[in-house]
file my_file02.pdb (PDB, C-alpha atoms and all ligand atoms)
ATOM      1  CA  MET F1087       9.598 -75.279  22.356
ATOM      2  CA  LEU F1088       9.785 -72.604  19.670
ATOM      3  CA  SER F1089      13.128 -70.917  18.948
ATOM      4  CA  VAL F1090      12.716 -67.319  17.877
ATOM      5  CA  ILE F1091      15.711 -66.250  15.799
ATOM      6  CA  ILE F1092      16.270 -62.528  15.473
ATOM      7  CA  PRO F1093      19.157 -61.161  13.403
ATOM      8  CA  ALA F1094      20.082 -57.678  14.537
ATOM      9  CA  TYR F1095      22.357 -55.118  12.991
ATOM     10  CA  ASN F1096      22.396 -51.696  14.633
ATOM     11  CA  GLU F1097      19.045 -52.300  16.287
ATOM     12  CA  GLU F1098      19.721 -51.052  19.830
ATOM     13  CA  LYS F1099      16.292 -49.429  20.005
ATOM     14  CA  CYS F1100      14.466 -52.466  18.685
ATOM     15  CA  ILE F1101      15.839 -55.360  20.761
ATOM     16  CA  ARG F1102      13.776 -54.864  23.891
ATOM     17  CA  ARG F1103      10.646 -53.884  22.014
ATOM     18  CA  ALA F1104      10.894 -56.939  19.774
ATOM     19  CA  TYR F1105      11.417 -59.228  22.754
ATOM     20  CA  ILE F1106       8.506 -57.834  24.718
ATOM     21  CA  ALA F1107       6.128 -57.838  21.764
ATOM     22  CA  ILE F1108       6.929 -61.378  20.700
ATOM     23  CA  HIS F1109       7.406 -62.916  24.113
ATOM     24  CA  SER F1110       4.169 -61.605  25.604
ATOM     25  CA  LEU F1111       2.253 -62.807  22.592
ATOM     26  CA  LEU F1112       3.734 -66.292  22.775
ATOM     27  CA  ALA F1113       3.203 -66.478  26.514
ATOM     28  CA  GLU F1114      -0.470 -65.505  26.119
ATOM     29  CA  ASN F1115      -0.869 -68.347  23.677
ATOM     30  CA  ASN F1116       0.959 -70.841  25.889
ATOM     31  CA  ILE F1117       3.793 -71.290  23.467
ATOM     32  CA  ASP F1118       7.051 -72.146  25.172
ATOM     33  CA  SER F1119       9.894 -70.186  23.591
ATOM     34  CA  GLU F1120      13.568 -69.333  23.575
ATOM     35  CA  PHE F1121      15.009 -66.215  21.952
ATOM     36  CA  ILE F1122      18.203 -66.188  19.943
ATOM     37  CA  PHE F1123      19.481 -62.728  19.133
ATOM     38  CA  VAL F1124      22.334 -62.606  16.669
ATOM     39  CA  ASN F1125      24.258 -59.366  16.807
ATOM     40  CA  ASP F1126      25.664 -59.039  13.329
ATOM     41  CA  GLY F1127      28.649 -56.805  14.117
ATOM     42  CA  SER F1128      26.604 -53.753  15.072
ATOM     43  CA  GLN F1129      28.395 -50.489  15.691
ATOM     44  CA  ASP F1130      25.867 -49.369  18.269
ATOM     45  CA  GLN F1131      24.795 -50.772  21.638
ATOM     46  CA  THR F1132      22.836 -53.717  20.227
ATOM     47  CA  TYR F1133      24.913 -56.363  21.965
ATOM     48  CA  LYS F1134      24.806 -54.491  25.251
ATOM     49  CA  MET F1135      21.020 -54.408  24.999
ATOM     50  CA  ILE F1136      20.951 -58.145  24.322
ATOM     51  CA  THR F1137      23.263 -58.819  27.261
ATOM     52  CA  GLU F1138      21.111 -56.715  29.571
ATOM     53  CA  LEU F1139      17.968 -58.406  28.427
ATOM     54  CA  SER F1140      19.465 -61.853  28.928
ATOM     55  CA  GLY F1141      20.339 -60.853  32.491
ATOM     56  CA  GLU F1142      16.715 -60.000  33.189
ATOM     57  CA  LYS F1143      14.726 -62.565  31.270
ATOM     58  CA  GLU F1144      14.727 -66.283  30.803
ATOM     59  CA  ASN F1145      15.665 -68.305  27.786
ATOM     60  CA  ILE F1146      17.645 -65.751  25.868
ATOM     61  CA  ILE F1147      20.768 -66.545  23.921
ATOM     62  CA  GLY F1148      22.853 -63.749  22.421
ATOM     63  CA  LEU F1149      25.466 -64.443  19.778
ATOM     64  CA  ASN F1150      27.948 -61.707  18.992
ATOM     65  CA  PHE F1151      29.640 -61.754  15.587
ATOM     66  CA  SER F1152      33.193 -60.521  15.291
ATOM     67  CA  ARG F1153      32.109 -58.219  12.466
ATOM     68  CA  ASN F1154      29.173 -57.667  10.135
ATOM     69  CA  PHE F1155      28.671 -60.869   8.149
ATOM     70  CA  GLY F1156      25.228 -60.083   6.745
ATOM     71  CA  LYS F1157      21.726 -61.246   7.521
ATOM     72  CA  GLU F1158      22.127 -64.617   5.795
ATOM     73  CA  SER F1159      25.030 -65.503   8.093
ATOM     74  CA  ALA F1160      23.109 -64.245  11.100
ATOM     75  CA  ILE F1161      20.217 -66.543  10.204
ATOM     76  CA  SER F1162      22.626 -69.495   9.810
ATOM     77  CA  ALA F1163      24.125 -68.832  13.221
ATOM     78  CA  GLY F1164      20.673 -68.562  14.770
ATOM     79  CA  LEU F1165      19.549 -71.837  13.240
ATOM     80  CA  ALA F1166      22.711 -73.557  14.442
ATOM     81  CA  ALA F1167      22.085 -72.360  17.984
ATOM     82  CA  ALA F1168      18.376 -73.181  18.044
ATOM     83  CA  ASN F1169      17.266 -75.831  20.533
ATOM     84  CA  GLY F1170      13.546 -75.755  19.816
ATOM     85  CA  ASP F1171      11.272 -78.305  18.169
ATOM     86  CA  CYS F1172      10.713 -75.630  15.594
ATOM     87  CA  ALA F1173      12.281 -72.259  14.846
ATOM     88  CA  VAL F1174      10.993 -69.023  13.432
ATOM     89  CA  VAL F1175      13.142 -66.314  11.835
ATOM     90  CA  ILE F1176      11.810 -62.793  12.272
ATOM     91  CA  ASP F1177      13.212 -59.290  11.712
ATOM     92  CA  CYS F1178      14.131 -57.206  14.699
ATOM     93  CA  ASP F1179      12.299 -54.129  13.437
ATOM     94  CA  LEU F1180       8.865 -55.769  13.815
ATOM     95  CA  GLN F1181       8.116 -55.320  10.132
ATOM     96  CA  HIS F1182       7.025 -58.930  10.281
ATOM     97  CA  PRO F1183       3.861 -58.916  12.414
ATOM     98  CA  PRO F1184       4.567 -61.027  15.537
ATOM     99  CA  GLU F1185       0.949 -62.211  15.807
ATOM    100  CA  LYS F1186       1.538 -64.248  12.663
ATOM    101  CA  ILE F1187       4.000 -66.405  14.591
ATOM    102  CA  VAL F1188       1.087 -67.861  16.522
ATOM    103  CA  GLU F1189      -0.726 -68.638  13.292
ATOM    104  CA  MET F1190       2.431 -70.252  11.922
ATOM    105  CA  TYR F1191       2.892 -72.261  15.089
ATOM    106  CA  ARG F1192      -0.647 -73.628  14.912
ATOM    107  CA  LEU F1193      -0.023 -74.753  11.344
ATOM    108  CA  TRP F1194       3.191 -76.415  12.485
ATOM    109  CA  GLU F1195       1.194 -78.236  15.154
ATOM    110  CA  GLN F1196      -1.042 -79.508  12.390
ATOM    111  CA  GLY F1197       1.975 -81.163  10.816
ATOM    112  CA  TYR F1198       3.335 -78.620   8.356
ATOM    113  CA  GLU F1199       7.117 -78.644   8.327
ATOM    114  CA  ILE F1200       7.747 -75.260   6.745
ATOM    115  CA  VAL F1201       5.394 -72.342   7.226
ATOM    116  CA  GLU F1202       6.315 -69.452   4.990
ATOM    117  CA  GLY F1203       5.376 -65.843   5.482
ATOM    118  CA  ILE F1204       4.229 -64.328   2.218
ATOM    119  CA  LYS F1205       4.108 -60.561   1.866
ATOM    120  CA  LYS F1206       0.708 -59.256   0.912
ATOM    121  CA  GLU F1207       2.074 -55.824   0.292
ATOM    122  CA  ARG F1208       5.593 -54.522   0.559
ATOM    123  CA  GLY F1209       5.674 -51.868   3.287
ATOM    124  CA  GLN F1210       6.824 -48.377   2.623
ATOM    125  CA  GLU F1211       9.982 -48.717   0.667
ATOM    126  CA  LYS F1212      11.869 -46.371  -1.537
ATOM    127  CA  LYS F1213      10.399 -46.378  -5.034
ATOM    128  CA  MET F1214      13.758 -47.518  -6.405
ATOM    129  CA  HIS F1215      13.813 -50.423  -3.984
ATOM    130  CA  SER F1216      10.352 -51.677  -4.773
ATOM    131  CA  ILE F1217      11.002 -51.522  -8.518
ATOM    132  CA  GLY F1218      14.377 -53.173  -7.964
ATOM    133  CA  ALA F1219      12.809 -55.856  -5.816
ATOM    134  CA  LYS F1220      10.174 -56.530  -8.447
ATOM    135  CA  ILE F1221      12.764 -56.957 -11.204
ATOM    136  CA  PHE F1222      15.006 -59.024  -8.957
ATOM    137  CA  TYR F1223      12.260 -61.422  -7.968
ATOM    138  CA  SER F1224      10.938 -61.869 -11.460
ATOM    139  CA  VAL F1225      14.463 -62.596 -12.729
ATOM    140  CA  ILE F1226      15.406 -64.926  -9.909
ATOM    141  CA  SER F1227      12.042 -66.696 -10.005
ATOM    142  CA  ARG F1228      12.428 -67.412 -13.677
ATOM    143  CA  MET F1229      16.058 -68.417 -13.449
ATOM    144  CA  ALA F1230      15.887 -70.495 -10.339
ATOM    145  CA  GLY F1231      12.705 -72.154 -11.548
ATOM    146  CA  PHE F1232      10.348 -71.311  -8.710
ATOM    147  CA  ASP F1233       8.233 -68.362  -7.765
ATOM    148  CA  MET F1234       9.944 -66.290  -5.173
ATOM    149  CA  ALA F1235       8.054 -63.041  -5.484
ATOM    150  CA  ASN F1236       6.632 -61.920  -2.157
ATOM    151  CA  SER F1237       8.641 -64.495  -0.251
ATOM    152  CA  SER F1238      10.590 -63.321   2.753
ATOM    153  CA  ASP F1239      12.851 -64.594   5.494
ATOM    154  CA  PHE F1240       9.878 -64.730   7.853
ATOM    155  CA  LYS F1241       9.483 -68.497   8.162
ATOM    156  CA  LEU F1242       8.837 -71.174  10.700
ATOM    157  CA  LEU F1243      10.779 -74.409  10.281
ATOM    158  CA  ASP F1244      10.413 -77.793  11.872
ATOM    159  CA  ARG F1245      13.396 -79.268  13.721
ATOM    160  CA  LYS F1246      13.986 -81.698  10.827
ATOM    161  CA  VAL F1247      14.306 -78.834   8.374
ATOM    162  CA  VAL F1248      16.559 -76.867  10.712
ATOM    163  CA  ASP F1249      18.866 -79.890  10.970
ATOM    164  CA  VAL F1250      18.978 -80.310   7.212
ATOM    165  CA  ILE F1251      19.796 -76.632   6.662
ATOM    166  CA  ASN F1252      22.419 -76.708   9.422
ATOM    167  CA  ASN F1253      24.140 -79.572   7.641
ATOM    168  CA  MET F1254      24.323 -77.828   4.305
ATOM    169  CA  PRO F1255      27.865 -76.620   3.797
ATOM    170  CA  GLU F1256      27.134 -74.049   1.109
ATOM    171  CA  ARG F1257      26.583 -70.360   1.606
ATOM    172  CA  GLY F1258      22.996 -70.139   0.684
ATOM    173  CA  PHE F1259      20.184 -67.793   0.339
ATOM    174  CA  PHE F1260      17.854 -68.708   3.197
ATOM    175  CA  ARG F1261      14.643 -68.130   1.227
ATOM    176  CA  ALA F1262      15.745 -70.256  -1.652
ATOM    177  CA  ILE F1263      17.258 -73.019   0.480
ATOM    178  CA  SER F1264      14.124 -73.391   2.522
ATOM    179  CA  TYR F1265      12.252 -73.726  -0.733
ATOM    180  CA  TRP F1266      14.782 -76.097  -2.253
ATOM    181  CA  VAL F1267      14.691 -78.594   0.638
ATOM    182  CA  GLY F1268      11.074 -79.494  -0.083
ATOM    183  CA  TYR F1269       8.946 -80.739   2.862
ATOM    184  CA  LYS F1270       5.317 -80.143   3.628
ATOM    185  CA  LYS F1271       4.643 -76.454   3.260
ATOM    186  CA  ALA F1272       1.994 -74.006   4.310
ATOM    187  CA  THR F1273       1.895 -70.268   3.828
ATOM    188  CA  VAL F1274       0.676 -67.402   5.928
ATOM    189  CA  GLU F1275       0.018 -64.018   4.371
ATOM    190  CA  TYR F1276       1.043 -60.875   6.176
ATOM    191  CA  ASP F1277       1.189 -57.136   5.653
ATOM    192  CA  VAL F1278       4.613 -55.587   6.043
ATOM    193  CA  ASN F1279       4.520 -53.119   8.922
ATOM    194  CA  MET F1280       6.344 -49.835   8.995
ATOM    195  CA  ARG F1281       9.795 -50.051  10.532
ATOM    196  CA  VAL F1282       9.406 -48.936  14.153
ATOM    197  CA  ASP F1283      12.844 -47.436  14.637
ATOM    198  CA  GLY F1284      16.152 -47.019  12.902
ATOM    199  CA  GLU F1285      16.392 -47.431   9.178
ATOM    200  CA  SER F1286      16.651 -50.118   6.548
ATOM    201  CA  LYS F1287      20.160 -51.525   6.320
ATOM    202  CA  TRP F1288      20.012 -51.966   2.589
ATOM    203  CA  SER F1289      21.647 -49.583   0.189
ATOM    204  CA  THR F1290      20.738 -49.805  -3.479
ATOM    205  CA  ARG F1291      24.269 -50.975  -4.222
ATOM    206  CA  GLY F1292      23.970 -53.640  -1.543
ATOM    207  CA  LEU F1293      20.715 -54.889  -3.024
ATOM    208  CA  VAL F1294      22.179 -55.159  -6.519
ATOM    209  CA  LYS F1295      25.161 -57.107  -5.207
ATOM    210  CA  TYR F1296      22.822 -59.343  -3.237
ATOM    211  CA  ALA F1297      20.668 -59.929  -6.319
ATOM    212  CA  ILE F1298      23.607 -60.922  -8.513
ATOM    213  CA  SER F1299      25.126 -63.204  -5.939
ATOM    214  CA  ASN F1300      21.816 -64.947  -5.333
ATOM    215  CA  ILE F1301      21.022 -65.416  -8.982
ATOM    216  CA  SER F1302      24.428 -66.952  -9.529
ATOM    217  CA  SER F1303      24.134 -69.255  -6.539
ATOM    218  CA  TYR F1304      20.762 -70.633  -7.588
ATOM    219  CA  SER F1305      20.989 -70.747 -11.307
ATOM    220  CA  THR F1306      23.420 -71.432 -14.082
ATOM    221  CA  ALA F1307      21.095 -69.707 -16.554
ATOM    222  CA  PRO F1308      23.510 -66.817 -17.196
ATOM    223  CA  MET F1309      26.050 -69.352 -18.465
ATOM    224  CA  GLN F1310      23.438 -70.853 -20.742
ATOM    225  CA  ILE F1311      22.800 -67.363 -22.041
ATOM    226  CA  VAL F1312      26.463 -67.316 -23.072
ATOM    227  CA  THR F1313      25.922 -70.494 -25.111
ATOM    228  CA  ALA F1314      22.764 -69.046 -26.648
ATOM    229  CA  LEU F1315      24.638 -65.871 -27.565
ATOM    230  CA  GLY F1316      27.300 -68.025 -29.215
ATOM    231  CA  PHE F1317      24.670 -69.675 -31.432
ATOM    232  CA  VAL F1318      23.106 -66.347 -32.361
ATOM    233  CA  MET F1319      26.559 -65.078 -33.332
ATOM    234  CA  LEU F1320      27.141 -68.202 -35.390
ATOM    235  CA  VAL F1321      23.944 -67.653 -37.363
ATOM    236  CA  ILE F1322      24.813 -63.995 -37.940
ATOM    237  CA  SER F1323      28.331 -64.880 -39.039
ATOM    238  CA  VAL F1324      27.042 -67.483 -41.532
ATOM    239  CA  ILE F1325      24.705 -64.895 -43.076
ATOM    240  CA  PHE F1326      27.474 -62.329 -43.268
ATOM    241  CA  SER F1327      29.953 -64.827 -44.731
ATOM    242  CA  VAL F1328      27.550 -65.856 -47.479
ATOM    243  CA  TRP F1329      26.867 -62.210 -48.215
ATOM    244  CA  ALA F1330      30.576 -61.370 -48.316
ATOM    245  CA  LEU F1331      31.293 -64.376 -50.570
ATOM    246  CA  ILE F1332      28.551 -63.452 -52.998
ATOM    247  CA  ASP F1333      29.890 -59.899 -53.116
ATOM    248  CA  LYS F1334      33.364 -61.263 -53.763
ATOM    249  CA  ILE F1335      32.154 -63.615 -56.541
ATOM    250  CA  ILE F1336      30.197 -60.988 -58.375
ATOM    251  CA  GLY F1337      33.192 -58.737 -58.021
ATOM    252  CA  ARG F1338      31.700 -56.071 -55.771
ATOM    253  CA  ALA F1339      34.105 -55.100 -52.990
ATOM    254  CA  LEU F1340      32.800 -54.645 -49.418
ATOM    255  CA  GLU F1341      32.521 -51.142 -47.997
ATOM    256  CA  GLY F1342      35.779 -50.026 -46.343
ATOM    257  CA  MET F1343      36.891 -50.608 -42.778
ATOM    258  CA  THR F1344      33.686 -49.565 -41.019
ATOM    259  CA  THR F1345      32.073 -52.990 -41.287
ATOM    260  CA  VAL F1346      35.202 -54.679 -39.988
ATOM    261  CA  ILE F1347      35.509 -52.316 -37.049
ATOM    262  CA  ILE F1348      31.855 -52.714 -36.049
ATOM    263  CA  ILE F1349      32.015 -56.493 -36.251
ATOM    264  CA  THR F1350      35.275 -56.674 -34.300
ATOM    265  CA  ILE F1351      34.000 -54.455 -31.513
ATOM    266  CA  PHE F1352      30.708 -56.327 -31.358
ATOM    267  CA  ILE F1353      32.366 -59.721 -31.088
ATOM    268  CA  GLY F1354      34.896 -58.348 -28.621
ATOM    269  CA  SER F1355      32.202 -57.090 -26.267
ATOM    270  CA  ILE F1356      30.202 -60.303 -26.439
ATOM    271  CA  ILE F1357      33.328 -62.302 -25.585
ATOM    272  CA  MET F1358      34.179 -60.017 -22.693
ATOM    273  CA  ILE F1359      30.678 -60.168 -21.221
ATOM    274  CA  SER F1360      30.724 -63.951 -21.525
ATOM    275  CA  LEU F1361      34.110 -64.176 -19.831
ATOM    276  CA  GLY F1362      32.793 -61.929 -17.091
ATOM    277  CA  ILE F1363      29.819 -64.207 -16.465
ATOM    278  CA  ILE F1364      32.003 -67.298 -16.374
ATOM    279  CA  GLY F1365      34.487 -65.454 -14.184
ATOM    280  CA  TYR F1366      31.711 -64.727 -11.735
ATOM    281  CA  TYR F1367      30.937 -68.404 -11.356
ATOM    282  CA  ILE F1368      34.615 -69.232 -10.945
ATOM    283  CA  ALA F1369      34.804 -66.609  -8.223
ATOM    284  CA  ARG F1370      31.904 -68.295  -6.456
ATOM    285  CA  ILE F1371      33.560 -71.691  -6.722
ATOM    286  CA  TYR F1372      36.687 -70.110  -5.274
ATOM    287  CA  GLU F1373      34.708 -68.608  -2.411
ATOM    288  CA  GLU F1374      33.096 -71.932  -1.565
ATOM    289  CA  ILE F1375      36.268 -73.971  -1.945
ATOM    290  CA  LYS F1376      38.181 -71.814   0.498
ATOM    291  CA  GLY F1377      35.741 -73.191   3.025
ATOM    292  CA  ARG F1378      35.917 -70.199   5.309
ATOM    293  CA  PRO F1379      33.299 -70.156   8.044
ATOM    294  CA  LYS F1380      30.080 -68.288   7.261
ATOM    295  CA  TYR F1381      30.522 -66.254  10.426
ATOM    296  CA  ILE F1382      32.738 -65.913  13.467
ATOM    297  CA  ILE F1383      31.165 -65.683  16.892
ATOM    298  CA  SER F1384      33.315 -63.646  19.228
ATOM    299  CA  SER F1385      31.175 -64.049  22.331
ATOM    300  CA  THR F1386      27.869 -65.404  23.531
ATOM    301  CA  VAL F1387      25.548 -64.682  26.427
ATOM    302  CA  LYS F1388      22.859 -66.894  27.873
ATOM    303  CA  SER F1389      20.188 -66.211  30.439
ATOM    304  CA  ALA F1390      21.243 -67.660  33.729
ATOM    305  CA  LYS F1391      17.666 -68.542  34.540
ATOM    306  CA  LYS F1392      16.151 -71.353  32.561
ATOM    307  CA  ASN F1393      12.551 -72.235  32.314
ATOM    308  CA  PHE F1394      13.032 -75.689  33.745
ATOM    309  CA  ILE F1395      14.714 -74.299  36.875
ATOM    310  CA  ALA F1396      11.737 -72.062  37.426
ATOM    311  CA  VAL F1397       9.433 -75.064  37.092
ATOM    312  CA  GLU F1398      11.540 -77.054  39.591
ATOM    313  CA  GLN F1399      11.128 -74.296  42.149
ATOM    314  CA  TYR F1400       7.392 -74.506  41.956
ATOM    315  CA  LYS F1401       7.301 -78.215  42.687
TER     316      LYS F1401
HETATM  317  N1  LIG J1501      20.263 -57.381   9.395
HETATM  318  C1  LIG J1501      21.379 -58.118   9.781
HETATM  319  N2  LIG J1501      22.558 -57.902   9.151
HETATM  320  C2  LIG J1501      22.708 -56.995   8.139
HETATM  321  C3  LIG J1501      21.556 -56.275   7.736
HETATM  322  C4  LIG J1501      20.361 -56.502   8.383
HETATM  323  O1  LIG J1501      21.302 -58.943  10.681
HETATM  324  O2  LIG J1501      23.813 -56.850   7.628
HETATM  325  C5  LIG J1501      18.973 -57.612  10.074
HETATM  326  C6  LIG J1501      18.318 -56.354  10.637
HETATM  327  O3  LIG J1501      18.790 -56.049  11.925
HETATM  328  C7  LIG J1501      16.847 -56.719  10.637
HETATM  329  C8  LIG J1501      16.741 -57.632   9.424
HETATM  330  O4  LIG J1501      18.047 -58.101   9.138
HETATM  331  O5  LIG J1501      16.484 -57.454  11.797
HETATM  332  C9  LIG J1501      16.142 -56.917   8.238
HETATM  333  O6  LIG J1501      16.903 -55.777   7.946
HETATM  334  P1  LIG J1501      16.263 -54.429   7.442
HETATM  335  O7  LIG J1501      15.062 -54.085   8.237
HETATM  336  O8  LIG J1501      17.360 -53.422   7.398
HETATM  337  O9  LIG J1501      15.855 -54.827   5.958
HETATM  338  P2  LIG J1501      14.486 -54.512   5.203
HETATM  339  O10 LIG J1501      13.379 -54.747   6.181
HETATM  340  O11 LIG J1501      14.586 -53.124   4.781
HETATM  341  O12 LIG J1501      14.484 -55.496   4.084
HETATM  342 MG    MG J1502      13.126 -54.129   7.959
END

call {"tool": "encode", "arguments": {"input": "my_file02.pdb", "output": "structure tokens"}}
result
Amino acid sequence: MLSVIIPAYNEEKCIRRAYIAIHSLLAENNIDSEFIFVNDGSQDQTYKMITELSGEKENIIGLNFSRNFGKESAISAGLAAANGDCAVVIDCDLQHPPEKIVEMYRLWEQGYEIVEGIKKERGQEKKMHSIGAKIFYSVISRMAGFDMANSSDFKLLDRKVVDVINNMPERGFFRAISYWVGYKKATVEYDVNMRVDGESKWSTRGLVKYAISNISSYSTAPMQIVTALGFVMLVISVIFSVWALIDKIIGRALEGMTTVIIITIFIGSIIMISLGIIGYYIARIYEEIKGRPKYIISSTVKSAKKNFIAVEQYK
């Protein structure tokens, strides 16, 4: 059985459409499935839509978060609730083409343990966002040591991988974790569709925050930059000291206070930036060490009807 995990935040219009599109496709291809909708603290009727749907259809699980915890947490909750032999994570807005799930599933049947969706083209995004995304991915790819450009959360994972990810205590970045774990991988290319309804949940500020937090959770490179800066400063200070000494010896006094002020301010700002970077890592350690749950589920719904009951009736 394939678990379809769908994080949803203010997607009341998309729930039913996503279910119908994906479910009919899987049914046509004889792929047994369950659907796990995670309502990530929506302010609209998303959870009501999920509840209604689960009353009508089989094999639907709805998890309702107590507030908005973010897509990463929603994915974690979905993976923890998945019962399938493999699980696929897909956006509710159908920007990830559902027909690719079938292709992914066939690859899984051939023995691949992680099938990644790779974006051929980013759909229509704000100019700012696509530039931002480009910079973000090139930075994070370089820092984290693997190419993450064009990767997305659209992935199919084998049960083994789901179990491994479920047992990881850290707050991760799903894309990077599923890369980090290794396993036999295959990729499927897809074009990003237009969002069918509603709007993107990402603000530019949100994206920047997301970028910084992900870079810091996958790389200690910024801290190494601090060390590198220290060495550069050392070299500069040696040059300046020699220069100042020579001036002193030959009896030529240095130019007034300006030099001193510039140097002091320069060193001061480098130290502050460095402290900031280190502080950021300490904050992350603090976050992790508190050990708070990644999400809180306030209620769940499950379809009363189960596939196996239906099968029993036919016997
Ligand atoms: N999403 C979520 N929690 C959030 C933001 C988004 O669960 O805090 C879900 C959203 O409902 C959708 C998916 O994550 O299913 C992708 O979100 P969106 O389409 O807004 O992002 P984009 O496609 O613009 O990257
Ligand atoms: Mg989207």

call {"tool": "residues_around", "arguments": {"input": "my_file02.pdb", "residues": "F:Glu1195", "least_positions_apart": "5", "cutoff": "12 Å", "atoms": "all atoms listed in the file", "output": "PDB file with C-alpha atoms, in the frame of the given file"}}
result
ATOM      1  CA  MET F1087       9.598 -75.279  22.356  1.00  0.00           C
ATOM      2  CA  LEU F1088       9.785 -72.604  19.670  1.00  0.00           C
ATOM      3  CA  ILE F1117       3.793 -71.290  23.467  1.00  0.00           C
ATOM      4  CA  ASP F1171      11.272 -78.305  18.169  1.00  0.00           C
ATOM      5  CA  CYS F1172      10.713 -75.630  15.594  1.00  0.00           C
ATOM      6  CA  VAL F1188       1.087 -67.861  16.522  1.00  0.00           C
ATOM      7  CA  GLU F1189      -0.726 -68.638  13.292  1.00  0.00           C
ATOM      8  CA  MET F1190       2.431 -70.252  11.922  1.00  0.00           C
ATOM      9  CA  ILE F1200       7.747 -75.260   6.745  1.00  0.00           C
ATOM     10  CA  VAL F1201       5.394 -72.342   7.226  1.00  0.00           C
ATOM     11  CA  LEU F1242       8.837 -71.174  10.700  1.00  0.00           C
ATOM     12  CA  LEU F1243      10.779 -74.409  10.281  1.00  0.00           C
ATOM     13  CA  ASP F1244      10.413 -77.793  11.872  1.00  0.00           C
ATOM     14  CA  ALA F1272       1.994 -74.006   4.310  1.00  0.00           C
TER      15      ALA F1272
END

call {"tool": "residues_near_ligand", "arguments": {"input": "my_file02.pdb", "ligand": "ligand MG 1502 (chain J)", "cutoff": "7 Å", "atoms": "all atoms listed in the file", "output": "tab-separated table (two decimals) with C-alpha atoms, in the frame of the given file"}}
result
chain	number	residue	atom	x	y	z
F	1177	ASP	CA	13.21	-59.29	11.71
F	1179	ASP	CA	12.30	-54.13	13.44
F	1181	GLN	CA	8.12	-55.32	10.13
F	1281	ARG	CA	9.80	-50.05	10.53
F	1286	SER	CA	16.65	-50.12	6.55

call {"tool": "resolve_selection", "arguments": {"input": "my_file02.pdb", "expression": "the PyMOL selection byres (((chain F and resi 1365-1379) around 9) and not hetatm)", "output": "VMD selection string"}}
result
chain F and resid 1255 to 1257 1299 1302 to 1303 1306 1309 1360 to 1364 1380 to 1382

call {"tool": "closest_atom_pairs", "arguments": {"input": "my_file02.pdb", "of": "chain F", "to": "ligand LIG 1501 (chain J)", "cutoff": "6 Å", "atoms": "all atoms listed in the file", "output": "Markdown table"}}
result
| residue | atom | partner | partner_atom | distance |
| --- | --- | --- | --- | --- |
| F:Pro1093 | CA | J:LIG1501 | O1 | 4.1 |
| F:Ala1094 | CA | J:LIG1501 | O3 | 3.3 |
| F:Tyr1095 | CA | J:LIG1501 | O3 | 3.8 |
| F:Glu1097 | CA | J:LIG1501 | O3 | 5.8 |
| F:Asp1126 | CA | J:LIG1501 | O1 | 5.1 |
| F:Asn1154 | CA | J:LIG1501 | O2 | 6.0 |
| F:Gly1156 | CA | J:LIG1501 | O2 | 3.6 |
| F:Lys1157 | CA | J:LIG1501 | N2 | 3.8 |
| F:Ala1160 | CA | J:LIG1501 | O1 | 5.6 |
| F:Asp1177 | CA | J:LIG1501 | O5 | 3.8 |
| F:Cys1178 | CA | J:LIG1501 | O5 | 3.7 |
| F:Asp1179 | CA | J:LIG1501 | O5 | 5.6 |
| F:Ser1286 | CA | J:LIG1501 | O8 | 3.5 |
| F:Lys1287 | CA | J:LIG1501 | O8 | 3.5 |
| F:Trp1288 | CA | J:LIG1501 | O8 | 5.7 |

call {"tool": "resolve_selection", "arguments": {"input": "my_file02.pdb", "expression": "the PyMOL selection byres (((chain F and resi 1298) around 12) and not hetatm)", "output": "PyMOL selection string"}}
result
chain F and resi 1221-1223+1225-1226+1229+1259+1291-1297+1299-1306+1308+1363+1366-1367+1370

call {"tool": "atom_distance", "arguments": {"input": "my_file02.pdb", "atom1": "atom CA of F:Glu1275", "atom2": "atom CA of F:Pro1183"}}
result
10.3 Å

call {"tool": "atom_distance", "arguments": {"input": "my_file02.pdb", "atom1": "atom CA of F:Thr1386", "atom2": "atom CA of F:Tyr1105"}}
result
17.6 Å

call {"tool": "residues_near_point", "arguments": {"input": "my_file02.pdb", "point": "(14.9, -68.3, 21.3)", "cutoff": "10 Å", "atoms": "all atoms listed in the file", "output": "PyMOL selection string"}}
result
chain F and resi 1087-1092+1105+1109+1118-1123+1144-1148+1164-1165+1167-1170+1173-1175

call {"tool": "atom_distance", "arguments": {"input": "my_file02.pdb", "atom1": "atom CA of F:Lys1334", "atom2": "atom CA of F:Met1319"}}
result
21.9 Å

call {"tool": "closest_residue", "arguments": {"input": "my_file02.pdb", "among": "F:Gln1310, F:Ser1152, F:Ser1162, F:Asn1115", "to": "F:Tyr1191", "atoms": "only C-alpha atoms"}}
result
F:Asn1115
